[in-house]
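As provided, model_4.cif (mmCIF, C-alpha atoms) reads as follows.
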```
data_model
loop_
_atom_site.label_atom_id
_atom_site.label_comp_id
_atom_site.auth_asym_id
_atom_site.auth_seq_id
_atom_site.Cartn_x
_atom_site.Cartn_y
_atom_site.Cartn_z
CA MET A 74 62.36 -53.99 -24.34
CA ALA A 75 65.42 -52.29 -25.84
CA ALA A 76 63.86 -52.51 -29.31
CA THR A 77 60.65 -50.90 -28.01
CA LYS A 78 62.61 -48.05 -26.39
CA SER A 79 64.59 -47.51 -29.58
CA SER A 80 61.36 -47.47 -31.60
CA ARG A 81 59.77 -44.89 -29.28
CA THR A 82 62.86 -42.67 -29.40
CA SER A 83 62.93 -42.90 -33.18
CA SER A 84 59.21 -42.03 -33.35
CA LEU A 85 59.74 -39.06 -31.00
CA VAL A 86 62.61 -37.70 -33.09
CA LYS A 87 60.66 -38.19 -36.31
CA SER A 88 57.48 -36.51 -35.04
CA THR A 89 59.50 -33.61 -33.60
CA GLY A 90 61.33 -33.17 -36.89
CA GLU A 91 58.03 -33.02 -38.77
CA ILE A 92 57.07 -29.91 -36.79
CA PHE A 93 59.85 -27.93 -38.47
CA THR A 94 59.52 -29.43 -41.96
CA ARG A 95 55.82 -28.58 -42.36
CA LYS A 96 54.71 -24.97 -42.86
CA TRP A 97 51.82 -24.46 -40.44
CA PRO A 98 53.19 -26.52 -37.50
CA ARG A 99 56.48 -24.63 -37.84
CA LEU A 100 54.74 -21.22 -37.86
CA PHE A 101 52.58 -22.17 -34.86
CA PHE A 102 55.64 -23.21 -32.87
CA ILE A 103 57.55 -20.06 -33.85
CA ALA A 104 54.62 -17.81 -32.84
CA ALA A 105 54.36 -19.52 -29.43
CA ALA A 106 58.14 -19.39 -28.95
CA VAL A 107 58.32 -15.66 -29.75
CA GLN A 108 55.55 -14.99 -27.20
CA ALA A 109 57.37 -17.07 -24.57
CA ILE A 110 60.75 -15.41 -25.18
CA LEU A 111 59.33 -11.88 -25.08
CA GLY A 112 57.10 -12.67 -22.11
CA ILE A 113 59.90 -14.22 -20.04
CA ALA A 114 62.27 -11.36 -20.96
CA PHE A 115 59.73 -8.72 -19.90
CA GLU A 116 58.82 -10.57 -16.70
CA SER A 117 62.52 -10.97 -15.80
CA GLY A 118 63.02 -7.24 -16.37
CA LEU A 119 60.09 -6.49 -14.09
CA LYS A 120 61.60 -8.71 -11.42
CA ASP A 121 64.82 -6.67 -11.48
CA MET A 122 62.95 -3.36 -11.43
CA THR A 123 60.77 -4.34 -8.47
CA ASP A 124 63.45 -5.82 -6.20
CA GLN A 125 62.82 -4.58 -2.65
CA ASP A 126 65.29 -3.13 -0.20
CA TRP A 127 63.77 -3.86 3.19
CA GLY A 128 64.81 -2.39 6.47
CA ALA A 129 63.54 -3.40 9.88
CA ASN A 130 59.84 -3.49 8.88
CA LYS A 131 59.90 -6.61 6.75
CA SER A 132 57.26 -8.43 8.77
CA ASP A 133 54.77 -5.57 8.38
CA GLY A 134 54.00 -6.41 4.76
CA GLU A 135 55.39 -9.91 4.32
CA SER A 136 52.52 -11.17 2.15
CA GLN A 137 52.82 -8.17 -0.16
CA LEU A 138 56.56 -8.78 -0.35
CA LYS A 139 55.88 -12.21 -1.89
CA THR A 140 53.12 -11.05 -4.24
CA ILE A 141 55.22 -9.48 -6.99
CA PRO A 142 57.76 -12.31 -7.53
CA THR A 143 54.93 -14.86 -7.33
CA PHE A 144 52.96 -13.13 -10.09
CA LEU A 145 56.01 -12.75 -12.30
CA GLY A 146 57.27 -16.29 -11.69
CA LEU A 147 53.87 -17.86 -12.33
CA LEU A 148 53.45 -16.16 -15.69
CA MET A 149 56.98 -17.22 -16.69
CA LEU A 150 56.12 -20.80 -15.69
CA GLY A 151 52.99 -20.48 -17.83
CA PHE A 152 55.01 -19.45 -20.88
CA ILE A 153 57.41 -22.39 -20.43
CA TYR A 154 54.58 -24.89 -19.94
CA ASP A 155 52.80 -23.41 -22.97
CA ILE A 156 55.82 -24.17 -25.18
CA ILE A 157 55.90 -27.77 -23.88
CA LEU A 158 52.20 -28.20 -24.69
CA VAL A 159 52.68 -26.63 -28.14
CA TRP A 160 55.47 -29.11 -28.90
CA ASP A 161 53.34 -31.98 -27.59
CA ALA A 162 50.22 -30.94 -29.55
CA LEU A 163 52.11 -30.51 -32.83
CA ARG A 164 54.03 -33.76 -32.35
CA MET A 165 50.86 -35.73 -31.62
CA LYS A 166 48.82 -33.78 -34.21
CA ASN A 167 46.23 -33.12 -31.51
CA THR A 168 43.83 -30.58 -33.02
CA ILE A 169 41.86 -30.26 -29.80
CA GLN A 170 44.98 -29.40 -27.81
CA VAL A 171 45.93 -26.78 -30.41
CA ILE A 172 42.50 -25.16 -29.99
CA GLY A 173 42.90 -25.47 -26.20
CA LEU A 174 46.20 -23.59 -26.41
CA CYS A 175 44.44 -20.69 -28.13
CA ILE A 176 41.88 -20.62 -25.30
CA ALA A 177 44.69 -20.91 -22.72
CA ASN A 178 46.30 -17.86 -24.32
CA LEU A 179 43.11 -15.94 -23.55
CA ALA A 180 43.48 -17.04 -19.91
CA PHE A 181 47.08 -15.73 -19.97
CA LEU A 182 45.70 -12.47 -21.36
CA VAL A 183 43.27 -12.16 -18.44
CA TYR A 184 46.02 -13.01 -15.96
CA GLY A 185 48.36 -10.45 -17.57
CA ALA A 186 45.66 -7.79 -17.23
CA LEU A 187 45.02 -8.74 -13.59
CA GLN A 188 48.75 -8.58 -12.95
CA ILE A 189 48.76 -4.84 -13.68
CA ASP A 190 46.27 -4.02 -10.92
CA GLN A 191 47.65 -6.52 -8.41
CA ILE A 192 51.27 -5.37 -8.80
CA HIS A 193 50.20 -1.71 -8.66
CA GLN A 194 48.40 -2.43 -5.39
CA ALA A 195 51.43 -4.29 -3.99
CA ILE A 196 53.85 -1.50 -4.97
CA THR A 197 51.59 1.14 -3.40
CA ILE A 198 51.50 -0.74 -0.09
CA LEU A 199 55.22 -1.58 -0.14
CA ARG A 200 56.17 2.04 -0.81
CA GLY A 201 54.50 2.85 2.50
CA TYR A 202 57.17 0.69 4.15
CA ASN A 203 59.98 2.34 2.11
CA ALA A 204 60.58 -1.01 0.43
CA PHE A 205 61.95 0.49 -2.80
CA THR A 206 65.08 2.57 -3.27
CA ASP A 207 63.44 4.16 -6.33
CA PRO A 208 60.23 6.05 -5.38
CA ASN A 209 59.14 6.17 -9.05
CA VAL A 210 59.23 2.40 -9.52
CA TRP A 211 55.58 2.23 -10.64
CA ASP A 212 56.16 4.73 -13.47
CA GLU A 213 59.03 2.54 -14.73
CA VAL A 214 57.18 -0.79 -14.64
CA GLN A 215 53.74 0.37 -15.81
CA GLY A 216 54.66 0.42 -19.51
CA VAL A 217 56.17 -3.05 -19.38
CA LEU A 218 53.13 -4.42 -17.52
CA ILE A 219 50.81 -3.02 -20.19
CA ALA A 220 53.01 -4.36 -23.02
CA ILE A 221 52.76 -7.98 -21.80
CA PRO A 222 48.96 -8.44 -22.34
CA CYS A 223 49.30 -6.58 -25.67
CA ILE A 224 51.90 -9.13 -26.83
CA ILE A 225 49.70 -12.01 -25.64
CA ALA A 226 46.63 -10.54 -27.42
CA LEU A 227 48.51 -10.17 -30.72
CA ASP A 228 49.94 -13.69 -30.44
CA THR A 229 46.46 -15.09 -29.70
CA VAL A 230 45.15 -13.66 -32.98
CA VAL A 231 48.12 -15.10 -34.90
CA ILE A 232 47.99 -18.61 -33.42
CA SER A 233 44.18 -18.73 -33.78
CA PHE A 234 44.53 -18.20 -37.53
CA ILE A 235 47.30 -20.81 -37.76
CA ALA A 236 45.20 -23.22 -35.63
CA TRP A 237 42.48 -23.07 -38.29
CA LYS A 238 45.05 -24.09 -40.92
CA LEU A 239 46.34 -26.87 -38.65
CA TYR A 240 42.79 -28.16 -38.18
CA GLN A 241 42.58 -28.71 -41.93
CA GLU A 242 46.04 -30.27 -42.12
CA PHE A 243 45.68 -32.60 -39.13
CA ALA A 244 42.28 -33.85 -40.35
CA TRP A 245 44.13 -35.76 -43.06
CA ASP A 246 46.59 -37.25 -40.55
CA ILE A 247 43.72 -38.43 -38.32
CA LEU A 248 42.09 -40.03 -41.35
CA LYS A 249 45.31 -41.95 -42.07
CA HIS A 250 45.57 -43.17 -38.48
CA ILE A 251 41.94 -43.82 -37.49
CA GLY A 252 40.29 -44.34 -40.85
CA ALA A 253 37.08 -42.93 -42.27
CA ASP A 254 34.69 -44.54 -39.75
CA TYR A 255 32.69 -41.58 -38.41
CA ARG A 256 31.90 -43.22 -35.07
CA MET A 257 35.53 -44.17 -34.48
CA LYS A 258 36.68 -40.63 -35.32
CA LYS A 259 34.13 -39.30 -32.81
CA ARG A 260 35.49 -41.61 -30.08
CA PHE A 261 39.02 -40.48 -30.93
CA LEU A 262 37.87 -36.84 -30.67
CA HIS A 263 36.49 -37.46 -27.17
CA TYR A 264 39.78 -39.10 -26.20
CA GLN A 265 41.77 -36.11 -27.49
CA VAL A 266 39.53 -33.68 -25.59
CA TYR A 267 39.98 -35.66 -22.37
CA ILE A 268 43.78 -35.87 -22.64
CA ALA A 269 44.03 -32.14 -23.45
CA LEU A 270 41.86 -31.29 -20.43
CA LEU A 271 44.14 -33.31 -18.14
CA LYS A 272 47.14 -31.26 -19.28
CA PHE A 273 45.38 -27.94 -18.68
CA ASP A 274 44.01 -29.19 -15.33
CA PHE A 275 47.60 -29.70 -14.20
CA PHE A 276 48.72 -26.13 -14.94
CA PHE A 277 45.76 -24.37 -13.34
CA PHE A 278 45.88 -26.56 -10.25
CA ILE A 279 49.62 -25.94 -9.87
CA GLY A 280 49.12 -22.20 -10.46
CA PHE A 281 46.48 -21.97 -7.74
CA THR A 282 48.55 -24.05 -5.30
CA ILE A 283 51.76 -22.05 -5.82
CA GLN A 284 49.97 -18.77 -5.11
CA PHE A 285 48.32 -20.24 -2.04
CA LEU A 286 51.53 -21.72 -0.62
CA VAL A 287 53.80 -18.73 -1.31
CA VAL A 288 51.52 -15.78 -0.53
CA VAL A 289 48.77 -17.11 1.73
CA GLY A 290 50.78 -19.91 3.33
CA GLY A 291 48.02 -21.61 5.28
CA LYS A 292 46.89 -20.87 8.83
CA THR A 293 48.49 -24.00 10.26
CA ARG A 294 51.46 -26.21 9.39
CA THR A 295 49.05 -29.08 8.79
CA GLU A 296 47.13 -27.11 6.17
CA PHE A 297 50.37 -26.02 4.52
CA GLY A 298 51.72 -29.59 4.49
CA LEU A 299 48.51 -31.07 3.07
CA THR A 300 48.37 -28.45 0.33
CA ALA A 301 52.01 -29.07 -0.62
CA ALA A 302 51.45 -32.84 -0.62
CA ALA A 303 48.54 -32.39 -3.02
CA ILE A 304 50.94 -31.44 -5.84
CA PRO A 305 52.66 -34.85 -6.33
CA ILE A 306 49.37 -36.63 -5.63
CA THR A 307 47.64 -34.60 -8.35
CA ILE A 308 50.41 -35.38 -10.83
CA ALA A 309 50.02 -39.11 -10.06
CA ILE A 310 46.22 -38.92 -10.46
CA LEU A 311 46.45 -37.18 -13.86
CA LEU A 312 49.05 -39.66 -15.15
CA CYS A 313 46.93 -42.60 -13.99
CA ALA A 314 43.84 -41.02 -15.57
CA ALA A 315 45.55 -40.90 -18.97
CA TRP A 316 46.92 -44.44 -18.64
CA PHE A 317 43.57 -45.93 -17.50
CA THR A 318 41.82 -44.29 -20.46
CA ARG A 319 44.36 -45.56 -22.98
CA ARG A 320 44.17 -49.09 -21.52
CA GLU A 321 40.38 -48.88 -21.05
CA TRP A 322 40.43 -49.96 -17.39
CA LYS A 323 36.91 -49.25 -16.10
CA PHE A 324 37.54 -49.75 -12.39
CA GLY A 325 40.51 -47.37 -12.48
CA MET A 326 38.42 -44.74 -14.29
CA ILE A 327 35.68 -44.94 -11.65
CA ILE A 328 38.26 -44.35 -8.89
CA ILE A 329 39.70 -41.40 -10.84
CA MET A 330 36.26 -39.83 -11.25
CA ILE A 331 35.62 -40.12 -7.49
CA LEU A 332 38.93 -38.30 -6.94
CA TYR A 333 37.83 -35.63 -9.45
CA LEU A 334 34.72 -35.04 -7.36
CA GLY A 335 36.96 -34.64 -4.30
CA GLY A 336 39.07 -32.09 -6.18
CA LEU A 337 35.95 -30.23 -7.26
CA ALA A 338 34.73 -30.04 -3.65
CA TYR A 339 38.19 -28.78 -2.56
CA PHE A 340 38.22 -25.88 -5.02
CA ILE A 341 34.64 -24.88 -4.26
CA TYR A 342 35.59 -24.85 -0.56
CA LYS A 343 38.70 -22.74 -1.26
CA LEU A 344 36.70 -20.30 -3.39
CA ALA A 345 34.19 -19.88 -0.56
CA ARG A 346 37.04 -19.22 1.91
CA ILE A 347 38.51 -16.51 -0.32
CA TYR A 348 35.30 -14.49 0.11
CA ASP A 349 34.52 -15.52 3.70
CA PRO A 350 34.33 -12.30 5.83
CA ILE A 351 36.64 -13.80 8.48
CA GLU A 352 39.13 -15.56 6.19
CA GLN A 353 39.33 -13.10 3.28
CA VAL A 354 42.06 -10.99 4.94
CA TYR A 355 44.57 -13.82 4.37
CA TYR A 356 43.78 -13.95 0.64
CA MET A 357 43.60 -10.21 -0.09
CA PRO A 358 47.07 -9.84 -1.76
CA VAL A 359 46.19 -12.43 -4.45
CA ARG A 360 42.41 -12.47 -4.18
CA LYS A 361 41.63 -11.69 -7.84
CA SER A 362 44.18 -14.10 -9.31
CA LEU A 363 43.26 -16.91 -6.90
CA THR A 364 39.60 -16.41 -7.82
CA THR A 365 40.46 -16.60 -11.53
CA PHE A 366 42.48 -19.78 -11.11
CA ALA A 367 39.88 -21.37 -8.81
CA VAL A 368 36.97 -20.65 -11.19
CA LEU A 369 38.90 -21.88 -14.24
CA THR A 370 39.99 -25.03 -12.38
CA ILE A 371 36.40 -25.75 -11.28
CA LEU A 372 35.16 -25.39 -14.87
CA LEU A 373 37.99 -27.61 -16.15
CA ILE A 374 37.28 -30.32 -13.55
CA ILE A 375 33.58 -30.34 -14.50
CA LEU A 376 34.48 -30.67 -18.20
CA THR A 377 37.03 -33.37 -17.32
CA ILE A 378 34.43 -35.41 -15.41
CA ILE A 379 31.96 -35.16 -18.33
CA ASN A 380 34.58 -36.25 -20.86
CA ALA A 381 35.80 -39.03 -18.56
CA LEU A 382 32.25 -40.44 -18.55
CA VAL A 383 32.05 -40.22 -22.35
CA CYS A 384 35.39 -42.02 -22.68
CA LEU A 385 34.24 -44.65 -20.20
CA PHE A 386 31.13 -45.35 -22.30
CA ASN A 387 33.37 -45.70 -25.36
CA PHE A 388 35.43 -48.50 -23.79
CA GLY A 389 35.31 -51.79 -25.65
CA ARG A 390 34.33 -50.24 -29.00
CA GLY A 391 37.64 -50.58 -30.85
CA LEU A 392 39.45 -47.33 -30.05
CA LYS A 393 41.99 -49.07 -27.80
CA HIS A 394 43.41 -50.94 -30.79
CA HIS A 395 44.04 -47.68 -32.68
CA LEU A 396 45.56 -45.91 -29.66
CA ASN A 397 48.01 -48.69 -28.85
CA SER A 398 49.03 -49.61 -32.38
CA PRO A 399 51.69 -47.77 -34.41
CA ARG A 400 50.46 -45.23 -36.91
CA GLN A 401 49.94 -46.72 -40.32
CA GLU A 402 50.63 -44.70 -43.42
CA ILE A 403 48.12 -45.10 -46.23
CA ASP A 404 48.07 -43.28 -49.50
CA LYS A 405 45.30 -41.01 -50.70
CA ASP A 406 43.87 -43.59 -53.10
CA GLN A 407 43.43 -46.09 -50.24
CA ALA A 408 41.87 -43.45 -48.01
CA SER A 409 39.56 -42.32 -50.78
CA TYR A 410 38.47 -45.89 -51.33
CA SER A 411 37.94 -46.48 -47.58
CA MET A 412 35.68 -43.44 -47.35
CA ASN A 413 33.04 -45.30 -49.34
CA ASP A 414 30.93 -46.64 -46.47
CA VAL A 415 28.72 -48.69 -48.77
CA LYS A 416 30.21 -50.57 -51.65
CA GLN A 417 28.18 -50.07 -54.78
CA ALA A 418 27.34 -53.02 -56.93
CA PRO A 419 28.71 -52.80 -60.46
CA LEU A 420 26.23 -51.20 -62.83
CA PRO A 421 24.80 -53.66 -65.30
CA THR A 422 25.75 -53.11 -68.89
CA ARG A 423 22.86 -52.39 -71.20
CA MET A 424 22.57 -54.34 -74.41
CA THR A 425 21.38 -52.47 -77.43
CA ILE A 426 19.83 -54.18 -80.43
CA ASP A 427 20.41 -52.43 -83.67
#
```
Structure translated into structure tokens:
Amino acid sequence: MAATKSSRTSSLVKSTGEIFTRKWPRLFFIAAAVQAILGIAFESGLKDMTDQDWGANKSDGESQLKTIPTFLGLLMLGFIYDIILVWDALRMKNTIQVIGLCIANLAFLVYGALQIDQIHQAITILRGYNAFTDPNVWDEVQGVLIAIPCIIALDTVVISFIAWKLYQEFAWDILKHIGADYRMKKRFLHYQVYIALLKFDFFFFIGFTIQFLVVVGGKTRTEFGLTAAAIPITIAILLCAAWFTRREWKFGMIIIMILYLGGLAYFIYKLARIYDPIEQVYYMPVRKSLTTFAVLTILLIILTIINALVCLFNFGRGLKHHLNSPRQEIDKDQASYSMNDVKQAPLPTRMTID
């Protein structure tokens, strides 16, 4: 057991070190880190500039009071989680996750753009309650709010270009680990897609739940408690989903897919409530962002269910051995030889008679 732990730690250190010794992984990590540092710095500055000074009328706009710090905190959490996923993708040489991070950056861009309108609306309402000591607070924060999506857009272009280079580089690493068997590489691709989807499912579910708990709160304590309890349960489900897939446990996968369907029904129900004429008043402060997170989570769950089925059909076809065995290094001559699917018979020599 101790030897296994030592081996895993050594592998983790080695794979992390490779990120910074290879050109394109290093540049991808630096680009993501610069975005995270600038984004968190700007969001922290916005938090200081929009601190409220409430008098006796705090209860009059309590939901709006929570809107601004929730928006800012959620985007900061997104930047931190993004860096963790970048490290994980580069360490595992997961091309699909790298591409997913580029798409996730587009989602951050949309959220950053929505943040401008939502925070403007919150500031306008809160100024009516004399919540700010500075009456020109919007003029001060507007430029910073606009700068954030601009930074994200520029970084998206940069990491998308680097992702293309990483796709070419990681293709060789996958060949060394999986081999040249086309069908096996396809099964490995489906596995990578599924694992990447689980990681993005987690963030968007957590993002939706945080906004709901902090700003909306729930009409009853029971609803609030059940929503809060869903967070650790979801984490457990996603961890089990990854483990069942790696170990190819069919019964566990079927249970997980049933739970996915339950999650899908939950988000469709929540999306309907956001636009229900009676209920929509509770969701108004974060209506646009909750809608964005709910729609993205629904799409991700559907894609996750589809990929879970594909992975389930791939059970028992040899991928488990590759996933649970240490990576083997082979040289280019071996790989080139293994790419010949059909061995050619030696050509007969022709005799010539003078």
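Comparing the minimum interatomic distances between Phe275 in chain A and each of A:Tyr154, A:Phe115, A:Phe102, A:Trp160, counting all atoms listed in the file, we find that A:Tyr154 sits nearest.
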Inset, instruction - List the neighbours of Glu242 in chain A out to 12 Å using only C-alpha atoms; skip same-chain residues closer than 6 positions along the sequence, and give me the result as a PyMOL selection string. - result: chain A and resi 95-98+163+166-168+235-236+248-249
Which residues come within 12 Å of Asp161 in chain A, counting all atoms listed in the file, excluding same-chain residues fewer than 2 positions away, as a PyMOL selection string? chain A and resi 85+88-89+92+98+102+154-159+163-171+174+268-269+272
Those same residues, written as a short mmCIF file (atom, residue, chain, number, x, y, z; two decimals), keeping the file's coordinate frame with C-alpha atoms?
```
data_model
loop_
_atom_site.label_atom_id
_atom_site.label_comp_id
_atom_site.auth_asym_id
_atom_site.auth_seq_id
_atom_site.Cartn_x
_atom_site.Cartn_y
_atom_site.Cartn_z
CA LEU A 85 59.74 -39.06 -31.00
CA SER A 88 57.48 -36.51 -35.04
CA THR A 89 59.50 -33.61 -33.60
CA ILE A 92 57.07 -29.91 -36.79
CA PRO A 98 53.19 -26.52 -37.50
CA PHE A 102 55.64 -23.21 -32.87
CA TYR A 154 54.58 -24.89 -19.94
CA ASP A 155 52.80 -23.41 -22.97
CA ILE A 156 55.82 -24.17 -25.18
CA ILE A 157 55.90 -27.77 -23.88
CA LEU A 158 52.20 -28.20 -24.69
CA VAL A 159 52.68 -26.63 -28.14
CA LEU A 163 52.11 -30.51 -32.83
CA ARG A 164 54.03 -33.76 -32.35
CA MET A 165 50.86 -35.73 -31.62
CA LYS A 166 48.82 -33.78 -34.21
CA ASN A 167 46.23 -33.12 -31.51
CA THR A 168 43.83 -30.58 -33.02
CA ILE A 169 41.86 -30.26 -29.80
CA GLN A 170 44.98 -29.40 -27.81
CA VAL A 171 45.93 -26.78 -30.41
CA LEU A 174 46.20 -23.59 -26.41
CA ILE A 268 43.78 -35.87 -22.64
CA ALA A 269 44.03 -32.14 -23.45
CA LYS A 272 47.14 -31.26 -19.28
#
```
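In terms of minimum interatomic distance to Tyr333 in chain A, A:Thr377 ranks closest within A:Thr364, A:Val359, A:Gln353, A:Thr377, counting all atoms listed in the file.
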(Q) Which residues are close to Ala381 in chain A, i.e. within 12 Å by only C-alpha atoms, leaving aside same-chain residues fewer than 3 positions away? Reply as number ranges by chain. (A) A: 260, 263-271, 311, 314-315, 317-319, 321-323, 325-331, 333-334, 373-378, 384-388
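Nearest residue to Glu296 in chain A, choosing from A:Thr282, A:Leu179, A:Phe277, A:Ala105 and counting all atoms listed in the file: A:Thr282.
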**Request:** Go through the shown structure with the PyMOL selection byres ((chain A and resi 190) around 12) and write out the matching residues as a count of residues only.
**Result:** 27
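For the set A:Leu145, A:Arg390, A:Tyr339, A:Gly216, the residue with the smallest atom-to-atom gap to Arg256 in chain A is A:Arg390, counting all atoms listed in the file.
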Taken to one decimal, the CA of Ile110 in chain A-CA of Ile225 in chain A distance is 11.6 Å
Atom pair CA of Ile279 in chain A + CA of Ile304 in chain A, distance 6.9 Å
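As for CA of Phe181 in chain A and CA of Glu116 in chain A, they are spaced 13.2 Å apart.
In terms of minimum interatomic distance to Met122 in chain A, A:Val210 ranks closest within A:Val210, A:Lys87, A:Ala109, A:Ile308, counting all atoms listed in the file.
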May I have the centre and edge lengths, in Å to one decimal, of an axis-aligned box around the listed atoms of range 368-379 of chain A with 8 Å added to every side, as lines of an AutoDock Vina configuration file?
```
center_x = 36.0
center_y = -28.0
center_z = -14.8
size_x = 24.0
size_y = 30.8
size_z = 23.1
```
What's the 8 Å shell around Leu363 in chain A, counting only C-alpha atoms, without same-chain residues fewer than 5 positions away, as a short mmCIF file (atom, residue, chain, number, x, y, z; two decimals) with C-alpha atoms, in the coordinates of the input?
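Full text of part05.cif as output:
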```cif
data_model
loop_
_atom_site.label_atom_id
_atom_site.label_comp_id
_atom_site.auth_asym_id
_atom_site.auth_seq_id
_atom_site.Cartn_x
_atom_site.Cartn_y
_atom_site.Cartn_z
CA PHE A 281 46.48 -21.97 -7.74
CA GLN A 284 49.97 -18.77 -5.11
CA PHE A 285 48.32 -20.24 -2.04
#
```
Exactly which residues make up the result of the PyMOL selection byres ((chain A and resi 227) around 12) on this file, given as a list in words? Ala104, Ala105, Val107, Gln108, Cys175, Asn178, Leu179, Leu182, Ala220, Ile221, Pro222, Cys223, Ile224, Ile225, Ala226, Asp228, Thr229, Val230, Val231, Ile232, Ser233 and Phe234 of chain A
